[in-house]
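The file input.cif comes next; it holds mmCIF, C-alpha atoms.
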```cif
data_input
#
loop_
_atom_site.group_PDB
_atom_site.id
_atom_site.type_symbol
_atom_site.label_atom_id
_atom_site.label_comp_id
_atom_site.auth_asym_id
_atom_site.auth_seq_id
_atom_site.Cartn_x
_atom_site.Cartn_y
_atom_site.Cartn_z
ATOM 1 C CA MET U 1 -19.370 8.917 3.623
ATOM 2 C CA ASP U 2 -16.577 6.559 4.564
ATOM 3 C CA LEU U 3 -15.463 3.683 2.420
ATOM 4 C CA ASP U 4 -15.896 0.135 3.608
ATOM 5 C CA LYS U 5 -13.978 -3.063 2.982
ATOM 6 C CA SER U 6 -16.361 -4.087 0.223
ATOM 7 C CA VAL U 7 -14.386 -1.842 -2.170
ATOM 8 C CA ILE U 8 -11.390 -4.201 -1.965
ATOM 9 C CA GLY U 9 -11.183 -6.140 -5.205
ATOM 10 C CA LEU U 10 -13.097 -3.628 -7.325
ATOM 11 C CA MET U 11 -11.547 -3.266 -10.780
ATOM 12 C CA SER U 12 -11.711 -0.796 -13.637
ATOM 13 C CA ASP U 13 -12.227 -1.886 -17.213
ATOM 14 C CA GLU U 14 -9.056 -2.956 -18.966
ATOM 15 C CA TYR U 15 -7.467 -0.473 -21.354
ATOM 16 C CA VAL U 16 -4.565 -0.775 -23.755
ATOM 17 C CA PHE U 17 -1.807 1.781 -23.435
ATOM 18 C CA GLU U 18 0.660 2.282 -26.257
ATOM 19 C CA VAL U 19 4.091 3.564 -25.231
ATOM 20 C CA GLU U 20 5.026 6.248 -27.760
ATOM 21 C CA SER U 21 8.473 7.668 -28.333
ATOM 22 C CA ARG U 22 7.323 11.294 -28.359
ATOM 23 C CA HIS U 23 5.434 10.838 -25.088
ATOM 24 C CA VAL U 24 8.433 9.234 -23.364
ATOM 25 C CA GLY U 25 10.647 12.069 -24.626
ATOM 26 C CA GLN U 26 8.291 14.738 -23.291
ATOM 27 C CA PHE U 27 8.075 12.987 -19.920
ATOM 28 C CA ALA U 28 11.868 12.707 -19.546
ATOM 29 C CA THR U 29 12.308 16.330 -20.667
ATOM 30 C CA ALA U 30 9.785 17.629 -18.106
ATOM 31 C CA ILE U 31 11.776 15.956 -15.333
ATOM 32 C CA GLY U 32 15.102 16.977 -16.858
ATOM 33 C CA ASP U 33 16.243 13.346 -16.905
ATOM 34 C CA ASP U 34 18.730 13.007 -19.763
ATOM 35 C CA ASN U 35 19.733 9.378 -19.151
ATOM 36 C CA PRO U 36 20.872 7.852 -22.485
ATOM 37 C CA LEU U 37 18.951 4.657 -21.575
ATOM 38 C CA TYR U 38 15.839 6.390 -22.962
ATOM 39 C CA THR U 39 17.366 7.730 -26.185
ATOM 40 C CA ASP U 40 20.681 6.122 -27.156
ATOM 41 C CA ASP U 41 20.053 2.713 -28.662
ATOM 42 C CA ARG U 42 23.684 1.618 -28.632
ATOM 43 C CA TYR U 43 24.269 2.658 -25.046
ATOM 44 C CA ALA U 44 21.041 0.993 -23.927
ATOM 45 C CA LYS U 45 21.890 -2.288 -25.706
ATOM 46 C CA GLU U 46 25.104 -2.564 -23.668
ATOM 47 C CA SER U 47 23.228 -1.974 -20.402
ATOM 48 C CA ALA U 48 21.502 -4.369 -18.018
ATOM 49 C CA TYR U 49 18.256 -3.537 -19.850
ATOM 50 C CA GLU U 50 19.629 -4.677 -23.243
ATOM 51 C CA GLY U 51 17.688 -1.966 -25.048
ATOM 52 C CA LEU U 52 15.901 1.359 -24.693
ATOM 53 C CA ILE U 53 13.567 1.768 -21.722
ATOM 54 C CA VAL U 54 11.376 4.493 -20.204
ATOM 55 C CA PRO U 55 12.008 6.583 -17.049
ATOM 56 C CA PRO U 56 11.133 4.684 -13.843
ATOM 57 C CA THR U 57 8.145 6.892 -12.997
ATOM 58 C CA PHE U 58 6.741 6.813 -16.551
ATOM 59 C CA PRO U 59 4.039 4.248 -15.622
ATOM 60 C CA ILE U 60 2.266 7.094 -13.758
ATOM 61 C CA ALA U 61 1.642 8.656 -17.187
ATOM 62 C CA MET U 62 0.174 5.433 -18.555
ATOM 63 C CA ASN U 63 -3.362 6.461 -17.778
ATOM 64 C CA ASP U 64 -6.440 6.806 -19.920
ATOM 65 C CA SER U 65 -8.780 9.646 -18.992
ATOM 66 C CA LYS U 66 -11.707 7.777 -20.535
ATOM 67 C CA VAL U 67 -11.365 4.855 -18.139
ATOM 68 C CA GLU U 68 -13.543 5.114 -15.066
ATOM 69 C CA MET U 69 -11.963 4.496 -11.690
ATOM 70 C CA PRO U 70 -13.221 1.365 -9.961
ATOM 71 C CA LEU U 71 -14.835 3.483 -7.235
ATOM 72 C CA GLN U 72 -16.157 7.009 -6.706
ATOM 73 C CA LEU U 73 -13.864 9.177 -4.577
ATOM 74 C CA ASP U 74 -14.150 12.744 -3.335
ATOM 75 C CA HIS U 75 -11.002 14.385 -4.701
ATOM 76 C CA ARG U 76 -10.995 17.043 -1.988
ATOM 77 C CA ARG U 77 -10.461 14.322 0.632
ATOM 78 C CA MET U 78 -7.716 12.512 -1.256
ATOM 79 C CA LEU U 79 -4.028 12.871 -0.580
ATOM 80 C CA HIS U 80 -1.429 10.923 -2.549
ATOM 81 C CA GLY U 81 0.650 9.749 0.403
ATOM 82 C CA GLU U 82 2.948 7.225 -1.161
ATOM 83 C CA GLN U 83 3.801 5.778 -4.559
ATOM 84 C CA GLU U 84 5.474 2.486 -5.369
ATOM 85 C CA PHE U 85 6.517 0.835 -8.630
ATOM 86 C CA LEU U 86 7.165 -2.883 -8.900
ATOM 87 C CA TYR U 87 9.032 -3.713 -12.089
ATOM 88 C CA TYR U 88 8.918 -7.199 -13.589
ATOM 89 C CA LYS U 89 9.922 -6.629 -17.216
ATOM 90 C CA PRO U 90 11.343 -3.551 -18.968
ATOM 91 C CA ILE U 91 8.829 -1.174 -20.571
ATOM 92 C CA ARG U 92 9.836 -0.397 -24.164
ATOM 93 C CA ILE U 93 8.747 2.167 -26.739
ATOM 94 C CA GLY U 94 6.123 0.563 -28.950
ATOM 95 C CA ASP U 95 4.791 -1.693 -26.181
ATOM 96 C CA GLN U 96 1.036 -2.101 -26.059
ATOM 97 C CA LEU U 97 0.265 -2.874 -22.451
ATOM 98 C CA ARG U 98 -3.021 -4.073 -21.008
ATOM 99 C CA CYS U 99 -3.751 -1.970 -17.943
ATOM 100 C CA GLN U 100 -6.311 -2.374 -15.211
ATOM 101 C CA ILE U 101 -6.816 -0.461 -11.962
ATOM 102 C CA LYS U 102 -7.649 -2.518 -8.857
ATOM 103 C CA VAL U 103 -8.487 -1.595 -5.296
ATOM 104 C CA SER U 104 -5.994 -3.811 -3.471
ATOM 105 C CA ASP U 105 -6.497 -2.686 0.132
ATOM 106 C CA LEU U 106 -8.402 -0.390 2.474
ATOM 107 C CA TYR U 107 -7.710 0.111 6.166
ATOM 108 C CA ASP U 108 -8.484 2.641 8.883
ATOM 109 C CA LYS U 109 -6.160 4.498 11.216
ATOM 110 C CA GLU U 110 -6.950 6.911 14.008
ATOM 111 C CA GLY U 111 -5.209 10.216 13.299
ATOM 112 C CA LYS U 112 -4.979 13.543 15.130
ATOM 113 C CA SER U 113 -7.948 14.924 13.221
ATOM 114 C CA GLY U 114 -10.155 11.845 13.491
ATOM 115 C CA LYS U 115 -10.337 8.638 11.560
ATOM 116 C CA MET U 116 -8.334 8.434 8.357
ATOM 117 C CA GLN U 117 -8.647 5.791 5.718
ATOM 118 C CA PHE U 118 -5.853 4.395 3.599
ATOM 119 C CA LEU U 119 -6.581 3.106 0.139
ATOM 120 C CA LYS U 120 -4.238 1.158 -2.127
ATOM 121 C CA LEU U 121 -4.872 1.394 -5.863
ATOM 122 C CA ASP U 122 -2.825 -0.891 -8.109
ATOM 123 C CA THR U 123 -2.543 -0.319 -11.834
ATOM 124 C CA GLU U 124 -1.414 -3.646 -13.232
ATOM 125 C CA MET U 125 0.271 -3.587 -16.614
ATOM 126 C CA LYS U 126 0.606 -6.756 -18.653
ATOM 127 C CA ASP U 127 2.080 -7.581 -22.037
ATOM 128 C CA PRO U 128 -0.107 -9.090 -24.775
ATOM 129 C CA THR U 129 0.708 -12.626 -23.529
ATOM 130 C CA GLY U 130 -0.642 -11.714 -20.083
ATOM 131 C CA GLU U 131 2.726 -11.548 -18.336
ATOM 132 C CA LEU U 132 3.016 -8.882 -15.665
ATOM 133 C CA VAL U 133 5.293 -5.988 -16.693
ATOM 134 C CA CYS U 134 4.768 -3.438 -13.920
ATOM 135 C CA ILE U 135 2.520 -2.528 -11.009
ATOM 136 C CA SER U 136 2.040 1.138 -10.161
ATOM 137 C CA ARG U 137 0.776 1.262 -6.568
ATOM 138 C CA MET U 138 -0.779 4.452 -5.284
ATOM 139 C CA ASN U 139 -1.334 4.806 -1.550
ATOM 140 C CA ILE U 140 -4.055 7.326 -0.936
ATOM 141 C CA VAL U 141 -4.923 8.928 2.380
ATOM 142 C CA TYR U 142 -8.680 9.446 2.454
ATOM 143 C CA ARG U 143 -9.477 12.065 5.044
ATOM 144 C CA ALA U 144 -12.638 12.236 7.102
ATOM 145 C CA ALA U 145 -15.484 14.195 5.523
ATOM 146 C CA LYS U 146 -15.993 17.698 6.939
ATOM 147 C CA ASN U 147 -19.419 18.195 8.493
ATOM 148 C CA MET B 1 28.277 15.428 -12.121
ATOM 149 C CA ILE B 2 27.843 11.933 -10.809
ATOM 150 C CA LYS B 3 30.783 9.683 -11.509
ATOM 151 C CA ASP B 4 30.341 6.120 -12.669
ATOM 152 C CA TRP B 5 29.711 3.951 -9.634
ATOM 153 C CA VAL B 6 31.267 0.570 -9.290
ATOM 154 C CA LEU B 7 28.106 -1.086 -8.015
ATOM 155 C CA GLU B 8 29.938 -4.216 -6.849
ATOM 156 C CA GLU B 9 32.050 -2.086 -4.525
ATOM 157 C CA LEU B 10 29.215 -0.319 -2.699
ATOM 158 C CA THR B 11 29.095 -1.114 0.992
ATOM 159 C CA VAL B 12 26.396 -0.814 3.658
ATOM 160 C CA ASP B 13 25.927 2.713 5.074
ATOM 161 C CA GLN B 14 27.927 4.194 2.198
ATOM 162 C CA LYS B 15 26.625 7.639 1.264
ATOM 163 C CA LEU B 16 26.244 8.229 -2.456
ATOM 164 C CA GLU B 17 27.197 11.459 -4.159
ATOM 165 C CA PRO B 18 24.093 13.728 -4.170
ATOM 166 C CA MET B 19 22.432 15.111 -7.288
ATOM 167 C CA VAL B 20 21.106 18.697 -7.219
ATOM 168 C CA LYS B 21 18.373 19.686 -9.690
ATOM 169 C CA PRO B 22 17.971 23.185 -11.142
ATOM 170 C CA PRO B 23 15.181 25.234 -9.497
ATOM 171 C CA ILE B 24 11.673 24.046 -10.401
ATOM 172 C CA THR B 25 9.919 26.400 -12.822
ATOM 173 C CA LYS B 26 6.257 26.986 -13.678
ATOM 174 C CA VAL B 27 7.020 26.048 -17.282
ATOM 175 C CA GLN B 28 8.328 22.741 -15.986
ATOM 176 C CA LEU B 29 5.065 22.153 -14.107
ATOM 177 C CA ALA B 30 3.151 22.790 -17.340
ATOM 178 C CA GLN B 31 5.450 20.385 -19.189
ATOM 179 C CA TYR B 32 4.988 17.772 -16.488
ATOM 180 C CA ALA B 33 1.205 18.230 -16.489
ATOM 181 C CA GLY B 34 1.115 17.635 -20.237
ATOM 182 C CA ALA B 35 3.436 14.630 -20.150
ATOM 183 C CA SER B 36 1.849 12.962 -17.128
ATOM 184 C CA GLY B 37 -1.773 13.852 -17.830
ATOM 185 C CA ASP B 38 -2.200 15.421 -14.362
ATOM 186 C CA PHE B 39 -3.858 18.772 -15.069
ATOM 187 C CA ASN B 40 -4.925 19.487 -11.475
ATOM 188 C CA PRO B 41 -5.121 23.335 -11.385
ATOM 189 C CA LEU B 42 -3.291 23.256 -8.045
ATOM 190 C CA HIS B 43 -0.123 22.797 -10.117
ATOM 191 C CA LEU B 44 -0.942 25.275 -12.895
ATOM 192 C CA ASP B 45 -3.227 28.068 -11.770
ATOM 193 C CA ASP B 46 -2.022 30.471 -9.052
ATOM 194 C CA GLY B 47 -5.529 31.923 -8.658
ATOM 195 C CA PHE B 48 -6.994 28.500 -7.980
ATOM 196 C CA ALA B 49 -4.212 27.625 -5.532
ATOM 197 C CA GLN B 50 -4.718 30.907 -3.635
ATOM 198 C CA LYS B 51 -8.443 30.296 -3.407
ATOM 199 C CA ILE B 52 -7.762 27.114 -1.460
ATOM 200 C CA GLY B 53 -5.321 28.791 0.891
ATOM 201 C CA MET B 54 -1.922 28.333 -0.762
ATOM 202 C CA ASP B 55 0.515 31.100 -1.725
ATOM 203 C CA GLY B 56 0.463 29.842 -5.297
ATOM 204 C CA VAL B 57 0.892 26.681 -7.330
ATOM 205 C CA ILE B 58 2.742 23.709 -5.892
ATOM 206 C CA ALA B 59 4.764 21.115 -7.793
ATOM 207 C CA HIS B 60 3.419 17.666 -8.631
ATOM 208 C CA GLY B 61 4.632 15.198 -6.010
ATOM 209 C CA MET B 62 5.324 12.819 -8.870
ATOM 210 C CA LEU B 63 7.726 15.335 -10.424
ATOM 211 C CA VAL B 64 9.833 15.127 -7.267
ATOM 212 C CA MET B 65 9.635 11.330 -7.480
ATOM 213 C CA GLY B 66 10.758 11.743 -11.078
ATOM 214 C CA PHE B 67 13.899 13.503 -9.786
ATOM 215 C CA LEU B 68 14.573 10.618 -7.409
ATOM 216 C CA GLY B 69 13.970 8.223 -10.311
ATOM 217 C CA GLU B 70 16.537 10.088 -12.377
ATOM 218 C CA TYR B 71 18.970 9.732 -9.464
ATOM 219 C CA VAL B 72 18.285 6.002 -9.051
ATOM 220 C CA MET B 73 18.853 5.388 -12.761
ATOM 221 C CA LYS B 74 22.137 7.309 -12.590
ATOM 222 C CA ILE B 75 23.230 5.129 -9.676
ATOM 223 C CA ALA B 76 22.168 1.950 -11.520
ATOM 224 C CA GLY B 77 24.118 3.099 -14.581
ATOM 225 C CA LYS B 78 24.601 0.345 -17.132
ATOM 226 C CA GLY B 79 25.092 -2.450 -14.643
ATOM 227 C CA ALA B 80 21.764 -2.888 -12.847
ATOM 228 C CA ARG B 81 18.032 -2.988 -13.283
ATOM 229 C CA VAL B 82 15.642 -1.367 -10.826
ATOM 230 C CA ALA B 83 13.235 -3.929 -9.361
ATOM 231 C CA ASN B 84 11.333 -1.745 -6.922
ATOM 232 C CA PHE B 85 11.108 1.973 -6.301
ATOM 233 C CA LYS B 86 8.918 3.792 -3.810
ATOM 234 C CA MET B 87 8.523 7.169 -2.224
ATOM 235 C CA ARG B 88 6.534 8.759 0.560
ATOM 236 C CA PHE B 89 5.561 12.358 -0.061
ATOM 237 C CA GLY B 90 6.640 14.924 2.525
ATOM 238 C CA LYS B 91 6.630 18.730 2.531
ATOM 239 C CA MET B 92 5.267 20.548 -0.500
ATOM 240 C CA THR B 93 7.529 21.829 -3.258
ATOM 241 C CA VAL B 94 6.981 25.130 -5.066
ATOM 242 C CA PRO B 95 8.486 26.859 -8.116
ATOM 243 C CA GLY B 96 11.954 28.161 -7.277
ATOM 244 C CA ASP B 97 12.782 25.238 -4.993
ATOM 245 C CA GLU B 98 16.031 23.437 -5.675
ATOM 246 C CA ILE B 99 15.830 19.736 -4.886
ATOM 247 C CA ARG B 100 18.778 17.689 -3.775
ATOM 248 C CA CYS B 101 18.616 13.895 -4.069
ATOM 249 C CA THR B 102 20.703 11.815 -1.696
ATOM 250 C CA GLY B 103 21.104 8.101 -1.184
ATOM 251 C CA VAL B 104 22.588 5.638 1.279
ATOM 252 C CA VAL B 105 23.298 1.945 0.768
ATOM 253 C CA LYS B 106 21.019 0.096 3.170
ATOM 254 C CA ARG B 107 21.789 -3.502 2.342
ATOM 255 C CA THR B 108 23.639 -5.649 -0.178
ATOM 256 C CA TYR B 109 22.660 -9.286 -0.522
ATOM 257 C CA GLU B 110 22.527 -12.403 -2.703
ATOM 258 C CA GLU B 111 19.216 -14.005 -3.544
ATOM 259 C CA ASP B 112 18.124 -16.367 -6.342
ATOM 260 C CA GLY B 113 21.735 -16.456 -7.483
ATOM 261 C CA LYS B 114 21.708 -12.703 -8.089
ATOM 262 C CA ARG B 115 23.229 -9.740 -6.336
ATOM 263 C CA TRP B 116 20.947 -7.009 -5.016
ATOM 264 C CA ILE B 117 21.465 -3.567 -3.507
ATOM 265 C CA ALA B 118 18.829 -1.819 -1.397
ATOM 266 C CA LEU B 119 19.082 1.979 -1.249
ATOM 267 C CA ASP B 120 17.461 4.549 1.007
ATOM 268 C CA LEU B 121 16.673 7.749 -0.850
ATOM 269 C CA THR B 122 15.801 11.289 0.176
ATOM 270 C CA ALA B 123 14.690 14.332 -1.796
ATOM 271 C CA GLU B 124 15.148 17.548 0.141
ATOM 272 C CA LYS B 125 15.198 21.261 -0.395
ATOM 273 C CA VAL B 126 18.637 22.836 -0.112
ATOM 274 C CA SER B 127 17.429 24.139 3.271
ATOM 275 C CA GLY B 128 17.284 20.492 4.395
ATOM 276 C CA GLU B 129 13.479 20.229 4.428
ATOM 277 C CA VAL B 130 12.538 16.690 3.313
ATOM 278 C CA VAL B 131 10.032 16.564 0.452
ATOM 279 C CA GLY B 132 10.256 12.858 -0.247
ATOM 280 C CA SER B 133 11.768 9.783 1.316
ATOM 281 C CA GLY B 134 11.943 6.475 -0.398
ATOM 282 C CA SER B 135 13.834 3.381 -1.329
ATOM 283 C CA ALA B 136 14.883 1.367 -4.343
ATOM 284 C CA ILE B 137 16.125 -2.144 -4.981
ATOM 285 C CA LEU B 138 18.691 -2.706 -7.715
ATOM 286 C CA GLN B 139 19.386 -6.044 -9.338
ATOM 287 C CA LEU B 140 22.937 -6.355 -10.622
ATOM 288 C CA THR B 141 23.705 -8.221 -13.811
#
```
Whole structure, structure tokens version:
Amino acid sequence: MDLDKSVIGLMSDEYVFEVESRHVGQFATAIGDDNPLYTDDRYAKESAYEGLIVPPTFPIAMNDSKVEMPLQLDHRRMLHGEQEFLYYKPIRIGDQLRCQIKVSDLYDKEGKSGKMQFLKLDTEMKDPTGELVCISRMNIVYRAAKN
Amino acid sequence: MIKDWVLEELTVDQKLEPMVKPPITKVQLAQYAGASGDFNPLHLDDGFAQKIGMDGVIAHGMLVMGFLGEYVMKIAGKGARVANFKMRFGKMTVPGDEIRCTGVVKRTYEEDGKRWIALDLTAEKVSGEVVGSGSAILQLT
């Protein structure tokens, strides 16, 4: 079954994600990213960020497996085509961020193998005062169902 | 090793010194699965991957974006913040692949009283096959 425009605007429940030092360290190590901005307090304080931060793709790890997606998708038809991060404020170790997944867009395109759908899922991350910290935007290609 | 850039001196169309990562390993994919929470067996279980027609496991696309992120942060150094970073996923990456990150200055401009640099980024195998293309916007301080 194809998706229709009514999915735009659907939202998951909000969840709180705590940024933990050990988690950030494991994430940076897996990539092999040894930038002192994530570990060296003194170096980070002198930088444009004025303190320790997390790797730029870390927001992808800020998920909660208990939170239900705002819509049901067939994983076999999904392809992560594009990923974008919009940064508004630095993410710091110890932050408790309020996260919510939203369906921000859905559109169709005619491809070589029939109609393809494109879905934009935004995970919005806000600080406790409600200020936006980061948006992690996932562009998903949703392929036609096989008959 | 990447030298310290003088961000203020970057000019349009300037090619930045590439960064080459060590070959991707299966252990690294397990580490990345644990750290990112993406336990899709396509990245961890050769048997599963073969059942769906692959030669074996493939790397997480987000790991490759992580490499580009590492590169962007090296370019930004101490003097800039990253405001936007995106990547389109291309060819698949498998254990053993060595990824080279390259960047070109696309635009430098002033806006809201600040100085910005837009970069075009590419992650490719050493054979030249593109596995990710993207962009980033740096805000200088």
Legend entry - Matched chain/residue IDs from the PyMOL selection byres ((chain B) within 6 of (chain U)), as a list in words: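 This file gives the following for the PyMOL selection byres ((chain B) within 6 of (chain U)): Gln28, Gln31, Tyr32, Ala35, Ser36, Gly66, Gly69, Glu70, Lys78, Gly79, Ala80, Ala83, Asn84, Phe85, Lys86, Met87, Arg88 and Phe89 of chain B.
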Legend entry - Reference answer for the PyMOL selection byres ((chain B and resi 115-122) around 7), as an NGL selection string: :B and (101-111 or 113-114 or 123-124 or 132-140)
Legend entry - Test item: residues at most 12 Å from Pro128 of chain U, only C-alpha atoms, excluding those fewer than 5 positions along its chain, as a PyMOL selection string: chain U and resi 15-18+95-99+133
Inset, instruction - Measuring atom to atom with all atoms listed in the file, identify which of U:Asp4, U:Glu20, U:Leu52, U:Ala144 is nearest to Asp74 of chain U. - result: U:Ala144
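If you look at atom CA of Asp13 of chain U and atom CA of Arg92 of chain U, they are 23.2 Å away from each other.
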Legend entry - Atom-to-atom span, atom CA of Tyr38 of chain U and atom CA of Gly51 of chain U, Å: 8.8 Å
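Atom CA of Val131 of chain B to atom CA of Met54 of chain B spans 16.8 Å [interatomic distance, one decimal].
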